[in-house]
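Before any comments, here is the structure.
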Amino acid sequence: MLYEVEGEDSIVRMLTYIPQSGEITRYPRPRIKKLFRPELLEITTQEEFEKLWNSSSS
């Protein structure tokens, strides 16, 4: 899962990506609004998130 956040822990958008199948599921208005245990997450770039968000796979 990749999250776009605002501030420290407010989720704006999120997506799930399965590299083996190329499957992407987008959540433009996710039900989850706050990150849970953010200390366990890895940071990615805005470019990587946008590339997956804008890809044609769904």
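Here, A, B, ... name the chains of the structure tokens in the order displayed, residue numbers run from 1 inside each chain, and ligands are numbered from 1 in the same displayed order.
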Distance query Glu4 of chain A at most 12 Å, only C-alpha atoms, self and fewer than 2 positions along chain excluded, as a PyMOL selection string:
chain A and resi 1-2+6-16+26-30+32-35+43-50+52-53
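Residues of chain A carrying a DSSP assignment of strand (DSSP E or B), computed from the backbone, are A:Leu2, A:Tyr3, A:Glu4, A:Val5, A:Glu6, A:Ser10, A:Ile11, A:Val12, A:Arg13, A:Met14, A:Leu15, A:Thr16, A:Tyr17, A:Ile18, A:Glu23, A:Ile24, A:Thr25, A:Arg26, A:Tyr27, A:Lys34.
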Atom CA of Leu40 of chain A to atom CA of Ser55 of chain A, distance in Å rounded to a single decimal:
26.6 Å
What is the distance between atom CA of Gly22 of chain A and atom CA of Val5 of chain A, in Å to one decimal?
23.2 Å
With DSSP run on the backbone, what are the helix (DSSP H, G or I) residues within chain A? I'd like them as a list in words.
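In chain A, DSSP puts these residues in helix (DSSP H, G or I): Pro38, Glu39, Leu40, Gln46, Glu47, Glu48, Phe49, Glu50, Lys51, Leu52, Trp53 and Asn54 of chain A.
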